[in-house]
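As provided, start.cif (mmCIF, N, CA and C atoms) reads as follows.
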data_structure
loop_
_atom_site.group_PDB
_atom_site.id
_atom_site.type_symbol
_atom_site.label_atom_id
_atom_site.label_comp_id
_atom_site.auth_asym_id
_atom_site.auth_seq_id
_atom_site.Cartn_x
_atom_site.Cartn_y
_atom_site.Cartn_z
ATOM 1 N N MET A 1 11.444 -48.835 33.915
ATOM 2 C CA MET A 1 11.845 -50.109 34.474
ATOM 3 C C MET A 1 12.532 -50.932 33.384
ATOM 4 N N ASP A 2 13.584 -51.601 33.782
ATOM 5 C CA ASP A 2 14.345 -52.459 32.883
ATOM 6 C C ASP A 2 13.498 -53.687 32.515
ATOM 7 N N ASP A 3 13.319 -53.936 31.203
ATOM 8 C CA ASP A 3 12.526 -55.090 30.755
ATOM 9 C C ASP A 3 13.104 -56.408 31.263
ATOM 10 N N LYS A 4 14.433 -56.469 31.402
ATOM 11 C CA LYS A 4 15.069 -57.686 31.910
ATOM 12 C C LYS A 4 14.595 -57.983 33.332
ATOM 13 N N LEU A 5 14.551 -56.964 34.186
ATOM 14 C CA LEU A 5 14.067 -57.157 35.556
ATOM 15 C C LEU A 5 12.605 -57.576 35.556
ATOM 16 N N LYS A 6 11.823 -56.976 34.688
ATOM 17 C CA LYS A 6 10.405 -57.338 34.592
ATOM 18 C C LYS A 6 10.259 -58.819 34.229
ATOM 19 N N ARG A 7 11.065 -59.285 33.266
ATOM 20 C CA ARG A 7 10.998 -60.703 32.870
ATOM 21 C C ARG A 7 11.461 -61.626 33.991
ATOM 22 N N ILE A 8 12.428 -61.173 34.791
ATOM 23 C CA ILE A 8 12.945 -61.995 35.892
ATOM 24 C C ILE A 8 11.912 -62.122 37.005
ATOM 25 N N TYR A 9 11.237 -61.018 37.330
ATOM 26 C CA TYR A 9 10.388 -60.986 38.526
ATOM 27 C C TYR A 9 8.892 -61.139 38.278
ATOM 28 N N VAL A 10 8.440 -61.025 37.056
ATOM 29 C CA VAL A 10 7.000 -61.181 36.795
ATOM 30 C C VAL A 10 6.811 -62.277 35.768
ATOM 31 N N PRO A 11 6.223 -63.418 36.129
ATOM 32 C CA PRO A 11 5.613 -63.711 37.424
ATOM 33 C C PRO A 11 6.662 -64.043 38.482
ATOM 34 N N MET A 12 6.301 -63.802 39.719
ATOM 35 C CA MET A 12 7.171 -64.056 40.868
ATOM 36 C C MET A 12 6.905 -65.426 41.454
ATOM 37 N N THR A 13 7.920 -65.926 42.133
ATOM 38 C CA THR A 13 7.686 -67.119 42.935
ATOM 39 C C THR A 13 6.818 -66.700 44.119
ATOM 40 N N GLU A 14 6.164 -67.643 44.718
ATOM 41 C CA GLU A 14 5.335 -67.334 45.880
ATOM 42 C C GLU A 14 6.188 -66.768 47.013
ATOM 43 N N SER A 15 7.345 -67.364 47.238
ATOM 44 C CA SER A 15 8.243 -66.871 48.289
ATOM 45 C C SER A 15 8.692 -65.447 47.989
ATOM 46 N N GLY A 16 9.117 -65.209 46.753
ATOM 47 C CA GLY A 16 9.563 -63.879 46.366
ATOM 48 C C GLY A 16 8.473 -62.839 46.547
ATOM 49 N N PHE A 17 7.249 -63.198 46.177
ATOM 50 C CA PHE A 17 6.123 -62.285 46.333
ATOM 51 C C PHE A 17 5.936 -61.897 47.798
ATOM 52 N N TYR A 18 5.876 -62.900 48.669
ATOM 53 C CA TYR A 18 5.638 -62.605 50.084
ATOM 54 C C TYR A 18 6.784 -61.823 50.701
ATOM 55 N N ILE A 19 8.021 -62.108 50.315
ATOM 56 C CA ILE A 19 9.164 -61.362 50.844
ATOM 57 C C ILE A 19 9.036 -59.891 50.450
ATOM 58 N N LEU A 20 8.805 -59.622 49.179
ATOM 59 C CA LEU A 20 8.690 -58.247 48.719
ATOM 60 C C LEU A 20 7.470 -57.559 49.337
ATOM 61 N N PHE A 21 6.361 -58.272 49.415
ATOM 62 C CA PHE A 21 5.132 -57.743 50.006
ATOM 63 C C PHE A 21 5.366 -57.331 51.459
ATOM 64 N N CYS A 22 6.070 -58.163 52.208
ATOM 65 C CA CYS A 22 6.326 -57.872 53.625
ATOM 66 C C CYS A 22 7.261 -56.683 53.816
ATOM 67 N N LEU A 23 8.091 -56.393 52.827
ATOM 68 C CA LEU A 23 9.055 -55.314 52.967
ATOM 69 C C LEU A 23 8.477 -53.936 52.669
ATOM 70 N N ARG A 24 7.168 -53.845 52.578
ATOM 71 C CA ARG A 24 6.534 -52.525 52.517
ATOM 72 C C ARG A 24 6.770 -51.801 53.838
ATOM 73 N N GLN A 25 7.057 -52.585 54.866
ATOM 74 C CA GLN A 25 7.495 -52.063 56.163
ATOM 75 C C GLN A 25 8.894 -52.619 56.401
ATOM 76 N N PRO A 26 9.850 -51.818 56.928
ATOM 77 C CA PRO A 26 11.191 -52.346 57.179
ATOM 78 C C PRO A 26 11.132 -53.605 58.048
ATOM 79 N N GLN A 27 11.911 -54.606 57.662
ATOM 80 C CA GLN A 27 11.858 -55.898 58.337
ATOM 81 C C GLN A 27 13.152 -56.656 58.083
ATOM 82 N N HIS A 28 13.448 -57.601 58.963
ATOM 83 C CA HIS A 28 14.590 -58.492 58.777
ATOM 84 C C HIS A 28 14.086 -59.855 58.332
ATOM 85 N N GLY A 29 14.999 -60.685 57.868
ATOM 86 C CA GLY A 29 14.629 -61.986 57.311
ATOM 87 C C GLY A 29 13.788 -62.842 58.235
ATOM 88 N N TYR A 30 14.187 -62.946 59.506
ATOM 89 C CA TYR A 30 13.435 -63.778 60.442
ATOM 90 C C TYR A 30 12.017 -63.227 60.636
ATOM 91 N N GLY A 31 11.895 -61.895 60.726
ATOM 92 C CA GLY A 31 10.578 -61.269 60.872
ATOM 93 C C GLY A 31 9.688 -61.534 59.667
ATOM 94 N N ILE A 32 10.295 -61.483 58.474
ATOM 95 C CA ILE A 32 9.538 -61.777 57.254
ATOM 96 C C ILE A 32 9.038 -63.213 57.305
ATOM 97 N N SER A 33 9.923 -64.115 57.675
ATOM 98 C CA SER A 33 9.567 -65.538 57.754
ATOM 99 C C SER A 33 8.382 -65.758 58.691
ATOM 100 N N GLN A 34 8.412 -65.128 59.846
ATOM 101 C CA GLN A 34 7.320 -65.267 60.822
ATOM 102 C C GLN A 34 6.023 -64.668 60.285
ATOM 103 N N LYS A 35 6.126 -63.507 59.639
ATOM 104 C CA LYS A 35 4.935 -62.841 59.090
ATOM 105 C C LYS A 35 4.289 -63.694 57.996
ATOM 106 N N VAL A 36 5.122 -64.263 57.115
ATOM 107 C CA VAL A 36 4.604 -65.098 56.029
ATOM 108 C C VAL A 36 3.912 -66.337 56.600
ATOM 109 N N ARG A 37 4.524 -66.959 57.580
ATOM 110 C CA ARG A 37 3.915 -68.132 58.216
ATOM 111 C C ARG A 37 2.558 -67.762 58.807
ATOM 112 N N GLU A 38 2.490 -66.604 59.452
ATOM 113 C CA GLU A 38 1.232 -66.132 60.056
ATOM 114 C C GLU A 38 0.195 -65.821 58.973
ATOM 115 N N MET A 39 0.600 -65.081 57.927
ATOM 116 C CA MET A 39 -0.323 -64.680 56.863
ATOM 117 C C MET A 39 -0.924 -65.871 56.130
ATOM 118 N N THR A 40 -0.124 -66.928 55.959
ATOM 119 C CA THR A 40 -0.557 -68.082 55.169
ATOM 120 C C THR A 40 -1.068 -69.230 56.024
ATOM 121 N N GLY A 41 -1.198 -69.008 57.312
ATOM 122 C CA GLY A 41 -1.666 -70.069 58.193
ATOM 123 C C GLY A 41 -0.721 -71.266 58.193
ATOM 124 N N GLY A 42 0.556 -71.007 57.984
ATOM 125 C CA GLY A 42 1.551 -72.072 57.977
ATOM 126 C C GLY A 42 1.674 -72.807 56.652
ATOM 127 N N ALA A 43 0.902 -72.402 55.645
ATOM 128 C CA ALA A 43 0.950 -73.073 54.342
ATOM 129 C C ALA A 43 2.262 -72.805 53.613
ATOM 130 N N LEU A 44 2.886 -71.672 53.897
ATOM 131 C CA LEU A 44 4.172 -71.348 53.280
ATOM 132 C C LEU A 44 5.186 -71.079 54.378
ATOM 133 N N VAL A 45 6.250 -71.853 54.367
ATOM 134 C CA VAL A 45 7.361 -71.666 55.285
ATOM 135 C C VAL A 45 8.592 -71.426 54.419
ATOM 136 N N ILE A 46 9.199 -70.265 54.559
ATOM 137 C CA ILE A 46 10.359 -69.912 53.742
ATOM 138 C C ILE A 46 11.625 -70.313 54.494
ATOM 139 N N SER A 47 12.413 -71.179 53.882
ATOM 140 C CA SER A 47 13.650 -71.627 54.512
ATOM 141 C C SER A 47 14.648 -70.479 54.574
ATOM 142 N N ALA A 48 15.620 -70.602 55.471
ATOM 143 C CA ALA A 48 16.655 -69.570 55.610
ATOM 144 C C ALA A 48 17.415 -69.390 54.300
ATOM 145 N N GLY A 49 17.736 -70.469 53.627
ATOM 146 C CA GLY A 49 18.467 -70.390 52.363
ATOM 147 C C GLY A 49 17.699 -69.623 51.308
ATOM 148 N N THR A 50 16.408 -69.921 51.184
ATOM 149 C CA THR A 50 15.567 -69.205 50.227
ATOM 150 C C THR A 50 15.438 -67.736 50.624
ATOM 151 N N MET A 51 15.225 -67.489 51.913
ATOM 152 C CA MET A 51 15.046 -66.121 52.405
ATOM 153 C C MET A 51 16.269 -65.270 52.082
ATOM 154 N N TYR A 52 17.436 -65.724 52.519
ATOM 155 C CA TYR A 52 18.623 -64.881 52.388
ATOM 156 C C TYR A 52 19.142 -64.837 50.958
ATOM 157 N N GLY A 53 18.930 -65.887 50.188
ATOM 158 C CA GLY A 53 19.272 -65.854 48.768
ATOM 159 C C GLY A 53 18.401 -64.858 48.025
ATOM 160 N N THR A 54 17.107 -64.852 48.330
ATOM 161 C CA THR A 54 16.163 -63.929 47.684
ATOM 162 C C THR A 54 16.433 -62.494 48.098
ATOM 163 N N LEU A 55 16.674 -62.266 49.396
ATOM 164 C CA LEU A 55 16.989 -60.911 49.861
ATOM 165 C C LEU A 55 18.242 -60.378 49.162
ATOM 166 N N SER A 56 19.249 -61.219 49.049
ATOM 167 C CA SER A 56 20.502 -60.822 48.406
ATOM 168 C C SER A 56 20.273 -60.447 46.943
ATOM 169 N N LYS A 57 19.530 -61.293 46.224
ATOM 170 C CA LYS A 57 19.262 -61.033 44.803
ATOM 171 C C LYS A 57 18.418 -59.772 44.633
ATOM 172 N N MET A 58 17.376 -59.622 45.455
ATOM 173 C CA MET A 58 16.521 -58.443 45.347
ATOM 174 C C MET A 58 17.290 -57.168 45.670
ATOM 175 N N GLU A 59 18.206 -57.239 46.631
ATOM 176 C CA GLU A 59 19.014 -56.063 46.967
ATOM 177 C C GLU A 59 19.948 -55.726 45.802
ATOM 178 N N LYS A 60 20.591 -56.737 45.230
ATOM 179 C CA LYS A 60 21.499 -56.535 44.086
ATOM 180 C C LYS A 60 20.741 -55.935 42.902
ATOM 181 N N ASP A 61 19.504 -56.357 42.694
ATOM 182 C CA ASP A 61 18.696 -55.880 41.567
ATOM 183 C C ASP A 61 17.990 -54.552 41.846
ATOM 184 N N GLY A 62 18.092 -54.050 43.079
ATOM 185 C CA GLY A 62 17.528 -52.741 43.397
ATOM 186 C C GLY A 62 16.069 -52.739 43.820
ATOM 187 N N LEU A 63 15.493 -53.921 44.084
ATOM 188 C CA LEU A 63 14.089 -53.987 44.514
ATOM 189 C C LEU A 63 13.930 -53.667 45.990
ATOM 190 N N ILE A 64 14.970 -53.956 46.762
ATOM 191 C CA ILE A 64 14.979 -53.657 48.189
ATOM 192 C C ILE A 64 16.302 -52.996 48.519
ATOM 193 N N ALA A 65 16.357 -52.358 49.691
ATOM 194 C CA ALA A 65 17.585 -51.706 50.131
ATOM 195 C C ALA A 65 17.764 -51.931 51.624
ATOM 196 N N PHE A 66 19.019 -51.960 52.040
ATOM 197 C CA PHE A 66 19.337 -52.021 53.469
ATOM 198 C C PHE A 66 18.739 -50.786 54.132
ATOM 199 N N TYR A 67 18.090 -50.977 55.271
ATOM 200 C CA TYR A 67 17.455 -49.876 55.983
ATOM 201 C C TYR A 67 18.290 -49.491 57.198
ATOM 202 N N LYS A 68 18.529 -50.479 58.074
ATOM 203 C CA LYS A 68 19.381 -50.256 59.239
ATOM 204 C C LYS A 68 19.639 -51.605 59.914
ATOM 205 N N GLU A 69 20.573 -51.598 60.849
ATOM 206 C CA GLU A 69 20.837 -52.805 61.628
ATOM 207 C C GLU A 69 20.229 -52.612 63.006
ATOM 208 N N GLU A 70 19.557 -53.675 63.464
ATOM 209 C CA GLU A 70 18.884 -53.626 64.760
ATOM 210 C C GLU A 70 19.114 -54.953 65.459
ATOM 211 N N GLU A 71 19.726 -54.904 66.621
ATOM 212 C CA GLU A 71 20.021 -56.125 67.384
ATOM 213 C C GLU A 71 20.722 -57.171 66.518
ATOM 214 N N LYS A 72 21.750 -56.749 65.796
ATOM 215 C CA LYS A 72 22.571 -57.602 64.929
ATOM 216 C C LYS A 72 21.816 -58.196 63.746
ATOM 217 N N ARG A 73 20.659 -57.644 63.431
ATOM 218 C CA ARG A 73 19.878 -58.099 62.276
ATOM 219 C C ARG A 73 19.748 -56.965 61.271
ATOM 220 N N LYS A 74 19.926 -57.301 59.988
ATOM 221 C CA LYS A 74 19.802 -56.304 58.924
ATOM 222 C C LYS A 74 18.337 -56.153 58.540
ATOM 223 N N LEU A 75 17.854 -54.936 58.619
ATOM 224 C CA LEU A 75 16.496 -54.647 58.185
ATOM 225 C C LEU A 75 16.554 -54.100 56.760
ATOM 226 N N TYR A 76 15.590 -54.531 55.949
ATOM 227 C CA TYR A 76 15.479 -54.097 54.562
ATOM 228 C C TYR A 76 14.141 -53.413 54.360
ATOM 229 N N ARG A 77 14.044 -52.651 53.276
ATOM 230 C CA ARG A 77 12.773 -52.022 52.908
ATOM 231 C C ARG A 77 12.650 -52.073 51.387
ATOM 232 N N ILE A 78 11.448 -51.995 50.911
ATOM 233 C CA ILE A 78 11.191 -52.015 49.475
ATOM 234 C C ILE A 78 11.600 -50.659 48.884
ATOM 235 N N THR A 79 12.103 -50.657 47.669
ATOM 236 C CA THR A 79 12.448 -49.423 46.960
ATOM 237 C C THR A 79 11.307 -49.058 46.008
ATOM 238 N N ALA A 80 11.429 -47.918 45.345
ATOM 239 C CA ALA A 80 10.418 -47.518 44.359
ATOM 240 C C ALA A 80 10.337 -48.554 43.235
ATOM 241 N N LEU A 81 11.491 -49.064 42.794
ATOM 242 C CA LEU A 81 11.499 -50.105 41.760
ATOM 243 C C LEU A 81 10.815 -51.369 42.263
ATOM 244 N N GLY A 82 11.092 -51.748 43.492
ATOM 245 C CA GLY A 82 10.453 -52.923 44.075
ATOM 246 C C GLY A 82 8.946 -52.757 44.167
ATOM 247 N N GLU A 83 8.505 -51.559 44.524
ATOM 248 C CA GLU A 83 7.063 -51.277 44.599
ATOM 249 C C GLU A 83 6.428 -51.376 43.218
ATOM 250 N N GLU A 84 7.132 -50.911 42.206
ATOM 251 C CA GLU A 84 6.636 -50.987 40.837
ATOM 252 C C GLU A 84 6.476 -52.457 40.405
ATOM 253 N N ILE A 85 7.476 -53.267 40.705
ATOM 254 C CA ILE A 85 7.426 -54.701 40.390
ATOM 255 C C ILE A 85 6.293 -55.366 41.173
ATOM 256 N N LEU A 86 6.171 -55.033 42.458
ATOM 257 C CA LEU A 86 5.108 -55.609 43.292
ATOM 258 C C LEU A 86 3.735 -55.265 42.732
ATOM 259 N N GLN A 87 3.533 -54.037 42.294
ATOM 260 C CA GLN A 87 2.234 -53.635 41.735
ATOM 261 C C GLN A 87 1.920 -54.389 40.448
ATOM 262 N N LEU A 88 2.935 -54.617 39.609
ATOM 263 C CA LEU A 88 2.730 -55.421 38.398
ATOM 264 C C LEU A 88 2.280 -56.833 38.763
ATOM 265 N N GLU A 89 2.916 -57.400 39.769
ATOM 266 C CA GLU A 89 2.576 -58.763 40.185
ATOM 267 C C GLU A 89 1.186 -58.808 40.815
ATOM 268 N N LEU A 90 0.837 -57.815 41.609
ATOM 269 C CA LEU A 90 -0.504 -57.769 42.201
ATOM 270 C C LEU A 90 -1.579 -57.669 41.119
ATOM 271 N N LYS A 91 -1.336 -56.865 40.089
ATOM 272 C CA LYS A 91 -2.290 -56.755 38.978
ATOM 273 C C LYS A 91 -2.414 -58.082 38.243
ATOM 274 N N ARG A 92 -1.285 -58.774 38.071
ATOM 275 C CA ARG A 92 -1.298 -60.073 37.399
ATOM 276 C C ARG A 92 -2.112 -61.078 38.215
ATOM 277 N N ILE A 93 -1.906 -61.104 39.522
ATOM 278 C CA ILE A 93 -2.634 -62.025 40.401
ATOM 279 C C ILE A 93 -4.124 -61.689 40.394
ATOM 280 N N GLU A 94 -4.451 -60.406 40.428
ATOM 281 C CA GLU A 94 -5.853 -59.982 40.388
ATOM 282 C C GLU A 94 -6.522 -60.435 39.079
ATOM 283 N N ARG A 95 -5.810 -60.270 37.967
ATOM 284 C CA ARG A 95 -6.343 -60.709 36.672
ATOM 285 C C ARG A 95 -6.583 -62.215 36.684
ATOM 286 N N LEU A 96 -5.632 -62.980 37.202
ATOM 287 C CA LEU A 96 -5.797 -64.432 37.282
ATOM 288 C C LEU A 96 -7.034 -64.796 38.099
ATOM 289 N N TYR A 97 -7.181 -64.125 39.248
ATOM 290 C CA TYR A 97 -8.338 -64.409 40.099
ATOM 291 C C TYR A 97 -9.643 -64.074 39.377
ATOM 292 N N LYS A 98 -9.701 -62.898 38.763
ATOM 293 C CA LYS A 98 -10.925 -62.505 38.068
ATOM 294 C C LYS A 98 -11.241 -63.471 36.919
ATOM 295 N N ASN A 99 -10.234 -63.863 36.176
ATOM 296 C CA ASN A 99 -10.443 -64.821 35.091
ATOM 297 C C ASN A 99 -10.935 -66.152 35.629
ATOM 298 N N SER A 100 -10.433 -66.560 36.797
ATOM 299 C CA SER A 100 -10.839 -67.842 37.369
ATOM 300 C C SER A 100 -12.298 -67.864 37.786
ATOM 301 N N THR A 101 -12.872 -66.677 38.024
ATOM 302 C CA THR A 101 -14.287 -66.583 38.402
ATOM 303 C C THR A 101 -15.177 -66.296 37.198
ATOM 304 N N GLY A 102 -14.577 -66.312 36.000
ATOM 305 C CA GLY A 102 -15.327 -66.115 34.772
ATOM 306 C C GLY A 102 -15.386 -64.668 34.297
ATOM 307 N N GLU A 103 -14.757 -63.786 35.037
ATOM 308 C CA GLU A 103 -14.762 -62.374 34.634
ATOM 309 C C GLU A 103 -13.748 -62.149 33.505
ATOM 310 N N MET A 104 -14.164 -61.443 32.496
ATOM 311 C CA MET A 104 -13.287 -61.102 31.388
ATOM 312 C C MET A 104 -12.677 -59.733 31.660
ATOM 313 N N ILE A 105 -11.417 -59.574 31.305
ATOM 314 C CA ILE A 105 -10.729 -58.304 31.497
ATOM 315 C C ILE A 105 -10.700 -57.588 30.144
ATOM 316 N N HIS A 106 -11.179 -56.363 30.134
ATOM 317 C CA HIS A 106 -11.181 -55.572 28.912
ATOM 318 C C HIS A 106 -10.200 -54.426 29.065
ATOM 319 N N ALA A 107 -9.274 -54.338 28.139
ATOM 320 C CA ALA A 107 -8.219 -53.293 28.242
ATOM 321 C C ALA A 107 -8.707 -51.928 27.863
#

Please re-express this file's structure in structure tokens.
Amino acid sequence: MDDKLKRIYVPMTESGFYILFCLRQPQHGYGISQKVREMTGGALVISAGTMYGTLSKMEKDGLIAFYKEEEKRKLYRITALGEEILQLELKRIERLYKNSTGEMIHA
């Protein structure tokens, strides 16, 4: 993995995290937006500008790829690189949570 990409994406924005997380299954921007709203109980609403700007950047950087077009909507899916970045972020979030409960992480 390119260290530059790692520095750009870890840590991730909350929106970026949920977008990448949702793309473990092929999905379009509107579907991602609805899923995130459902998952967070409405606490996070991703605007169209943020959604499509993030999808564009992630596609350019190789984290996601076009999957197919369905009913005039572009579906995307996570790539192997995107999965690698997502796993790094999940480990980081897990460490933060464990530290917040007083658990020490030993390498």

All residues 8 Å or closer to Ile64 (chain A), only C-alpha atoms, same chain fewer than 3 positions away omitted, as an MDAnalysis selection string: chainID A and resid 20 23 55 58:59 61 76:79 82

Nearest to Glu70 (chain A) by atom-to-atom distance, counting only C-alpha atoms, from A:Gly16, A:Pro11, A:Gly42, A:Gly31: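 Answer, going by the shortest atom-to-atom distance: A:Gly31.
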
Distance in Å - CA of Pro26 (chain A) versus CA of Ala80 (chain A):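 These atoms are spaced 13.7 Å apart.
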
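Our summary of the geometry notes that CA of Thr50 (chain A) is positioned 26.4 Å from CA of Tyr97 (chain A).
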
Polymer residues at most 6.5 Å from Ile32 (chain A), only N, CA and C atoms, same-chain spacing of 5 or more positions, as an NGL selection string: :A and (19 or 22 or 27 or 37)

Which of A:Leu5, A:Leu96, A:Ile46, A:Leu86 sits closest to Phe17 (chain A) [using only N, CA and C atoms]: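 Closest residue, counting only N, CA and C atoms: A:Leu86.
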
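A straight line drawn from atom N of Glu83 (chain A) to atom N of Phe21 (chain A) is 8.6 Å long.
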
All strand (DSSP E or B) residues (DSSP, backbone) inside region 25-81 of chain A, as an MDAnalysis selection string: chainID A and resid 27 64:70 73:78

Among the residues A:Val45, A:Glu14, A:Lys74, A:Thr54, the one that comes closest to His28 (chain A) [using only N, CA and C atoms]: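 Of all the options, A:Lys74 lies closest to His28 (chain A).
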
Those of chain A in DSSP helix (DSSP H, G or I), formatted as a PyMOL selection string: chain A and resi 3-9+14-22+29-39+48-61+80-100

Residue among A:Ala65, A:Leu44, A:Val10, A:Leu75 lying closest to Tyr30 (chain A), counting only C-alpha atoms: A:Leu75

Save region 26-47 of chain A to disk from that block, C-alpha atoms included, as a PDB file, in the first residue's frame.
ATOM      1  CA  PRO A  26     -22.193  -2.909  -4.466  1.00  0.00           C
ATOM      2  CA  GLN A  27     -24.232   0.253  -3.964  1.00  0.00           C
ATOM      3  CA  HIS A  28     -25.004   3.645  -5.473  1.00  0.00           C
ATOM      4  CA  GLY A  29     -24.642   7.004  -3.755  1.00  0.00           C
ATOM      5  CA  TYR A  30     -28.301   7.403  -2.816  1.00  0.00           C
ATOM      6  CA  GLY A  31     -28.394   3.853  -1.390  1.00  0.00           C
ATOM      7  CA  ILE A  32     -25.281   4.559   0.670  1.00  0.00           C
ATOM      8  CA  SER A  33     -26.855   7.751   1.987  1.00  0.00           C
ATOM      9  CA  GLN A  34     -30.005   5.893   3.064  1.00  0.00           C
ATOM     10  CA  LYS A  35     -28.012   3.061   4.668  1.00  0.00           C
ATOM     11  CA  VAL A  36     -25.833   5.496   6.643  1.00  0.00           C
ATOM     12  CA  ARG A  37     -28.893   7.394   7.871  1.00  0.00           C
ATOM     13  CA  GLU A  38     -30.440   4.082   8.973  1.00  0.00           C
ATOM     14  CA  MET A  39     -27.230   2.763  10.609  1.00  0.00           C
ATOM     15  CA  THR A  40     -26.665   5.966  12.590  1.00  0.00           C
ATOM     16  CA  GLY A  41     -30.269   6.595  13.559  1.00  0.00           C
ATOM     17  CA  GLY A  42     -30.176   9.821  11.562  1.00  0.00           C
ATOM     18  CA  ALA A  43     -27.126  11.156  13.433  1.00  0.00           C
ATOM     19  CA  LEU A  44     -25.138  11.305  10.191  1.00  0.00           C
ATOM     20  CA  VAL A  45     -26.652  12.604   6.979  1.00  0.00           C
ATOM     21  CA  ILE A  46     -24.234  12.724   4.049  1.00  0.00           C
ATOM     22  CA  SER A  47     -24.977  15.535   1.616  1.00  0.00           C
TER      23      SER A  47
END
